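Colleague: mmCIF, C-alpha atoms, saved as entry.cif, coming up:
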```
data_coords
loop_
_atom_site.label_atom_id
_atom_site.label_comp_id
_atom_site.auth_asym_id
_atom_site.auth_seq_id
_atom_site.Cartn_x
_atom_site.Cartn_y
_atom_site.Cartn_z
CA ALA A 1 81.91 198.35 -179.57
CA ALA A 2 82.93 194.73 -179.03
CA ARG A 3 81.05 194.56 -175.72
CA GLU A 4 77.87 196.06 -177.20
CA THR A 5 77.93 193.47 -179.99
CA VAL A 6 78.32 190.63 -177.51
CA VAL A 7 75.57 191.97 -175.22
CA ALA A 8 73.23 192.14 -178.21
CA ALA A 9 74.14 188.54 -179.11
CA LEU A 10 73.26 187.43 -175.59
CA ALA A 11 69.62 188.27 -176.39
CA SER A 12 69.65 186.01 -179.48
CA SER A 13 67.07 183.26 -179.84
CA ASP A 14 69.82 181.03 -181.24
CA LYS A 15 71.19 179.01 -178.34
CA ASP A 16 74.68 178.58 -179.84
CA VAL A 17 74.99 182.32 -180.36
CA LYS A 18 73.78 182.92 -176.80
CA VAL A 19 76.31 180.44 -175.36
CA ALA A 20 79.18 182.02 -177.32
CA ALA A 21 78.12 185.49 -176.20
CA ALA A 22 77.95 184.45 -172.55
CA LYS A 23 81.47 183.02 -172.70
CA ALA A 24 82.80 186.14 -174.44
CA LEU A 25 81.44 188.41 -171.70
CA GLY A 26 84.00 186.91 -169.35
CA THR A 27 86.62 188.85 -171.30
CA VAL A 28 84.88 191.88 -172.81
CA GLY A 29 82.09 192.30 -170.25
CA ASN A 30 82.00 194.40 -167.10
CA GLU A 31 80.08 194.51 -163.84
CA ALA A 32 76.95 195.73 -165.64
CA ASP A 33 76.72 192.33 -167.36
CA VAL A 34 76.71 190.29 -164.16
CA PRO A 35 72.89 190.31 -163.63
CA ALA A 36 72.28 188.91 -167.13
CA LEU A 37 74.90 186.23 -166.62
CA ALA A 38 73.51 185.46 -163.16
CA ALA A 39 70.09 184.88 -164.68
CA LEU A 40 71.60 182.29 -167.01
CA LEU A 41 73.01 180.38 -164.03
CA GLY A 42 69.44 179.61 -162.98
CA SER A 43 68.00 179.22 -166.47
CA GLY A 44 67.73 175.45 -166.25
CA ASP A 45 69.81 175.06 -169.42
CA ALA A 46 73.07 173.31 -168.56
CA ASP A 47 75.00 174.74 -171.53
CA LEU A 48 73.96 178.33 -170.85
CA ALA A 49 74.62 177.92 -167.12
CA ALA A 50 78.09 176.52 -167.83
CA ALA A 51 78.90 179.39 -170.21
CA ALA A 52 77.76 181.95 -167.63
CA ARG A 53 79.77 180.24 -164.91
CA LEU A 54 82.86 180.28 -167.13
CA ALA A 55 82.44 183.99 -167.83
CA LEU A 56 81.78 184.97 -164.22
CA GLY A 57 84.70 182.85 -163.08
CA ASN A 58 87.22 184.88 -165.10
CA VAL A 59 89.40 186.04 -162.22
CA ASP A 60 91.20 188.55 -164.43
CA ASN A 61 88.00 190.57 -164.56
CA LYS A 62 88.30 192.12 -161.07
CA GLY A 63 85.19 194.25 -161.46
CA PHE A 64 83.05 191.13 -161.21
CA ASP A 65 83.66 190.48 -157.49
CA ASP A 66 81.49 193.24 -156.02
CA ALA A 67 78.87 192.87 -158.75
CA ILE A 68 78.51 189.13 -158.10
CA ALA A 69 78.13 189.75 -154.35
CA THR A 70 75.46 192.38 -155.08
CA ALA A 71 73.63 190.06 -157.50
CA VAL A 72 73.27 187.30 -154.90
CA ALA A 73 70.40 189.07 -153.13
CA GLY A 74 68.33 189.26 -156.32
CA THR A 75 68.56 185.57 -157.13
CA SER A 76 67.45 182.29 -155.59
CA GLY A 77 68.00 178.56 -155.93
CA ALA A 78 70.61 177.39 -158.42
CA ALA A 79 71.51 180.92 -159.48
CA ARG A 80 72.17 182.06 -155.91
CA ALA A 81 74.14 178.93 -155.06
CA GLY A 82 76.17 179.36 -158.24
CA LEU A 83 76.99 182.98 -157.47
CA VAL A 84 78.13 182.20 -153.92
CA GLU A 85 80.28 179.34 -155.25
CA LEU A 86 81.78 181.77 -157.74
CA LEU A 87 82.71 184.17 -154.95
CA SER A 88 84.52 181.25 -153.35
CA ASP A 89 86.21 180.22 -156.61
CA ARG A 90 87.27 183.81 -157.25
CA MET A 91 88.59 184.13 -153.66
CA ALA A 92 86.64 187.39 -153.43
CA PRO A 93 87.95 188.86 -150.17
CA LYS A 94 85.11 191.27 -149.37
CA ALA A 95 82.18 188.86 -149.67
CA ALA A 96 82.15 187.43 -146.14
CA GLN A 97 78.89 189.20 -145.26
CA THR A 98 77.26 187.80 -148.40
CA ALA A 99 78.35 184.31 -147.33
CA LEU A 100 77.05 184.84 -143.79
CA THR A 101 73.65 185.89 -145.12
CA ALA A 102 73.62 182.86 -147.41
CA LEU A 103 74.16 180.59 -144.40
CA SER A 104 70.54 181.17 -143.38
CA ASP A 105 69.12 180.58 -146.86
CA GLY A 106 66.30 178.06 -147.19
CA ASP A 107 68.11 176.24 -150.00
CA PRO A 108 70.69 173.67 -148.79
CA ALA A 109 72.81 174.22 -151.93
CA VAL A 110 73.13 177.92 -151.11
CA ARG A 111 74.13 177.17 -147.53
CA THR A 112 76.72 174.64 -148.74
CA ALA A 113 78.14 177.21 -151.15
CA ALA A 114 78.43 179.69 -148.26
CA LEU A 115 80.32 177.13 -146.18
CA HIS A 116 82.69 176.54 -149.11
CA TYR A 117 83.40 180.28 -149.20
CA LEU A 118 84.03 180.41 -145.45
CA THR A 119 86.30 177.36 -145.68
CA LYS A 120 88.54 179.36 -147.98
CA LEU A 121 88.17 182.89 -146.63
CA GLY A 122 86.48 182.79 -143.24
CA GLY A 123 87.99 184.67 -140.31
CA ALA A 124 87.46 184.70 -136.57
CA ALA A 125 84.47 187.01 -137.05
CA GLU A 126 82.69 184.35 -139.13
CA ALA A 127 83.42 181.44 -136.76
CA PRO A 128 80.30 181.92 -134.57
CA ALA A 129 77.98 181.59 -137.57
CA VAL A 130 79.72 178.41 -138.70
CA ILE A 131 79.43 176.97 -135.20
CA GLU A 132 75.72 177.80 -135.19
CA VAL A 133 75.34 175.59 -138.27
CA LEU A 134 77.13 172.81 -136.40
CA LYS A 135 74.75 173.19 -133.48
CA LYS A 136 71.47 173.57 -135.36
CA SER A 137 71.63 171.75 -138.69
CA ALA A 138 69.75 168.47 -138.92
CA ASP A 139 71.64 167.51 -142.08
CA ALA A 140 74.72 165.34 -141.53
CA SER A 141 76.48 166.43 -144.73
CA GLU A 142 75.90 170.08 -143.87
CA ARG A 143 77.38 169.56 -140.41
CA THR A 144 80.41 167.93 -142.04
CA GLU A 145 80.82 170.97 -144.32
CA ALA A 146 80.51 173.24 -141.28
CA SER A 147 83.11 171.20 -139.39
CA ASN A 148 85.47 171.46 -142.36
CA ALA A 149 84.90 175.22 -142.47
CA LEU A 150 85.58 175.57 -138.75
CA ASN A 151 88.82 173.58 -139.04
CA ALA A 152 89.95 175.78 -141.91
CA ILE A 153 89.11 178.96 -139.97
CA CYS A 154 91.01 177.62 -136.95
CA SER A 155 93.98 176.78 -139.16
CA MET A 156 94.07 180.20 -140.79
CA ASN A 157 93.37 182.28 -137.69
CA GLY A 158 94.86 180.33 -134.78
CA ASP A 159 94.34 181.68 -131.28
CA ALA A 160 92.17 184.53 -132.59
CA VAL A 161 89.34 181.96 -132.82
CA LEU A 162 90.04 180.42 -129.42
CA PRO A 163 87.61 182.50 -127.30
CA VAL A 164 84.70 181.71 -129.66
CA VAL A 165 85.44 177.98 -129.74
CA LEU A 166 85.84 177.75 -125.95
CA ASP A 167 82.64 179.70 -125.33
CA SER A 168 80.74 177.49 -127.77
CA MET A 169 81.67 174.36 -125.81
CA LYS A 170 79.19 175.38 -123.08
CA GLY A 171 75.95 173.49 -123.51
CA ALA A 172 76.93 171.99 -126.87
CA ASN A 173 75.74 168.50 -127.75
CA VAL A 174 78.18 165.61 -128.11
CA GLU A 175 78.60 165.91 -131.89
CA THR A 176 79.23 169.65 -131.72
CA ARG A 177 81.65 169.27 -128.82
CA GLY A 178 83.58 166.73 -130.87
CA ALA A 179 83.82 169.13 -133.80
CA LEU A 180 84.94 171.94 -131.49
CA LEU A 181 87.61 169.73 -129.93
CA ARG A 182 88.91 168.97 -133.42
CA GLY A 183 89.02 172.72 -134.08
CA LEU A 184 91.01 173.23 -130.90
CA GLY A 185 93.42 170.57 -132.08
CA VAL A 186 93.89 172.44 -135.34
CA ILE A 187 94.67 175.65 -133.44
CA GLY A 188 97.23 173.59 -131.56
CA SER A 189 98.44 176.14 -129.01
CA ALA A 190 98.98 175.16 -125.38
CA LYS A 191 95.84 176.97 -124.28
CA ALA A 192 93.78 175.40 -127.08
CA LEU A 193 94.90 171.91 -126.13
CA GLU A 194 94.03 172.25 -122.42
CA PRO A 195 90.32 171.38 -122.94
CA VAL A 196 91.33 168.54 -125.26
CA VAL A 197 93.54 167.01 -122.57
CA ALA A 198 90.72 167.43 -120.03
CA ALA A 199 88.34 165.69 -122.44
CA LEU A 200 90.48 162.54 -122.25
CA HIS A 201 88.70 161.87 -118.95
CA ASP A 202 85.20 162.78 -120.15
CA LYS A 203 82.45 160.39 -119.09
CA ASN A 204 81.20 160.25 -122.67
CA ALA A 205 83.22 157.71 -124.66
CA ASP A 206 82.63 159.57 -127.93
CA ILE A 207 84.17 162.74 -126.49
CA SER A 208 87.14 161.01 -124.90
CA GLY A 209 87.65 159.16 -128.18
CA VAL A 210 87.79 162.42 -130.13
CA ALA A 211 90.30 163.78 -127.62
CA VAL A 212 92.53 160.73 -128.09
CA ARG A 213 92.45 161.15 -131.86
CA VAL A 214 93.13 164.89 -131.67
CA LEU A 215 96.16 164.41 -129.44
#
```
What is this file in structure tokens?
Modeller:
Amino acid sequence: AARETVVAALASSDKDVKVAAAKALGTVGNEADVPALAALLGSGDADLAAAARLALGNVDNKGFDDAIATAVAGTSGAARAGLVELLSDRMAPKAAQTALTALSDGDPAVRTAALHYLTKLGGAAEAPAVIEVLKKSADASERTEASNALNAICSMNGDAVLPVVLDSMKGANVETRGALLRGLGVIGSAKALEPVVAALHDKNADISGVAVRVL
């Protein structure tokens, strides 16, 4: 009965009532309430969006994880970016595919949110997609986010990422090679450091400089 009352209040024309109801759904709500809360994320009203974010971020409500991942596809813009960020904040372990899909979104905020998720929860299987962002993005801040994500994946997964990183070195531009060398340094195994040592003698000063800093 408590949930039904709160859901009804969410439809109120009174903003304060609506905000209170959105916050309350974080505790009494269930996965069926995620679409309504997701809509508030993109409503353009900062107070309603904050209340929805607070509710959806309630990590004690485990049923929200899958529902948030499902809701991503039906949203766009601020709402989609917010949902992907929430999956990251909630450390939702099964949402890697949602994050990978979001990496090709037309909205930079959505792509950034996806990289934040992969920084926390990405595995070796997600490394190629992150490296593709490094190779193809024209946005410097996005490439930095991708580099951070790759370093985190290398740190968490070690030599399991090594074949992907080594293969990606072929034909990569200078900036991407530098990021990959830093990833190899994070892996830190003897085999990972071999290309870094070799890069000390690279003809490109930027590459040899990265190698010096990594070692």
Colleague: Which polymer residues, whether protein, DNA or RNA, lie within 10 Å of the coordinate (95.1, 166.7, -132.2) when you count only C-alpha atoms? List them as a ChimeraX atom specification, using the chain letters and numbers from the file.
Modeller: /A:181-188,193,196-197,210-215
Colleague: Check the smallest atom-to-atom distance from each of A:Leu118, A:Ala124, A:Leu41, A:Ala129 to Ala96 (chain A) using only C-alpha atoms, then report the winner.
Modeller: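 Selected residue with least distance to Ala96 (chain A): A:Leu118.
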Colleague: Could you tell me, as a PDB file with C-alpha atoms, in the coordinates of the input, exactly which residues end up selected when the PyMOL selection byres ((chain A and resi 78-94) around 6) is applied to this structure?
Modeller:
```pdb
ATOM      1  CA  LEU A  41      73.010 180.380-164.030  1.00  0.00           C
ATOM      2  CA  GLY A  42      69.440 179.610-162.980  1.00  0.00           C
ATOM      3  CA  VAL A  59      89.400 186.040-162.220  1.00  0.00           C
ATOM      4  CA  ASP A  65      83.660 190.480-157.490  1.00  0.00           C
ATOM      5  CA  VAL A  72      73.270 187.300-154.900  1.00  0.00           C
ATOM      6  CA  THR A  75      68.560 185.570-157.130  1.00  0.00           C
ATOM      7  CA  SER A  76      67.450 182.290-155.590  1.00  0.00           C
ATOM      8  CA  GLY A  77      68.000 178.560-155.930  1.00  0.00           C
ATOM      9  CA  ALA A  95      82.180 188.860-149.670  1.00  0.00           C
ATOM     10  CA  ALA A  96      82.150 187.430-146.140  1.00  0.00           C
ATOM     11  CA  ALA A 109      72.810 174.220-151.930  1.00  0.00           C
ATOM     12  CA  VAL A 110      73.130 177.920-151.110  1.00  0.00           C
ATOM     13  CA  ALA A 113      78.140 177.210-151.150  1.00  0.00           C
ATOM     14  CA  TYR A 117      83.400 180.280-149.200  1.00  0.00           C
TER      15      TYR A 117
END
```
Colleague: What residues come out when you apply the PyMOL selection byres ((chain A and resi 153) around 10) to this file, written as a VMD selection string?
Modeller: chain A and resid 118 to 127 130 147 to 152 154 to 158 160 to 161 183 186 to 187
Colleague: From the options A:Val164, A:Ala32, A:Asp47, A:Leu37, which residue's atoms come nearest to Asp16 (chain A), counting all atoms listed in the file?
Modeller: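 Checking each of A:Val164, A:Ala32, A:Asp47, A:Leu37 against Asp16 (chain A), counting all atoms listed in the file, the winner is A:Asp47.
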Colleague: Kindly provide, as AutoDock Vina command-line options, the centre and edge lengths (Å, one decimal) of an axis-aligned box around all atoms of region 193-196 of chain A given in the file, with 6 Å on each side.
Modeller:
```
--center_x 92.6 --center_y 170.4 --center_z -124.3 --size_x 16.6 --size_y 15.7 --size_z 15.7
```
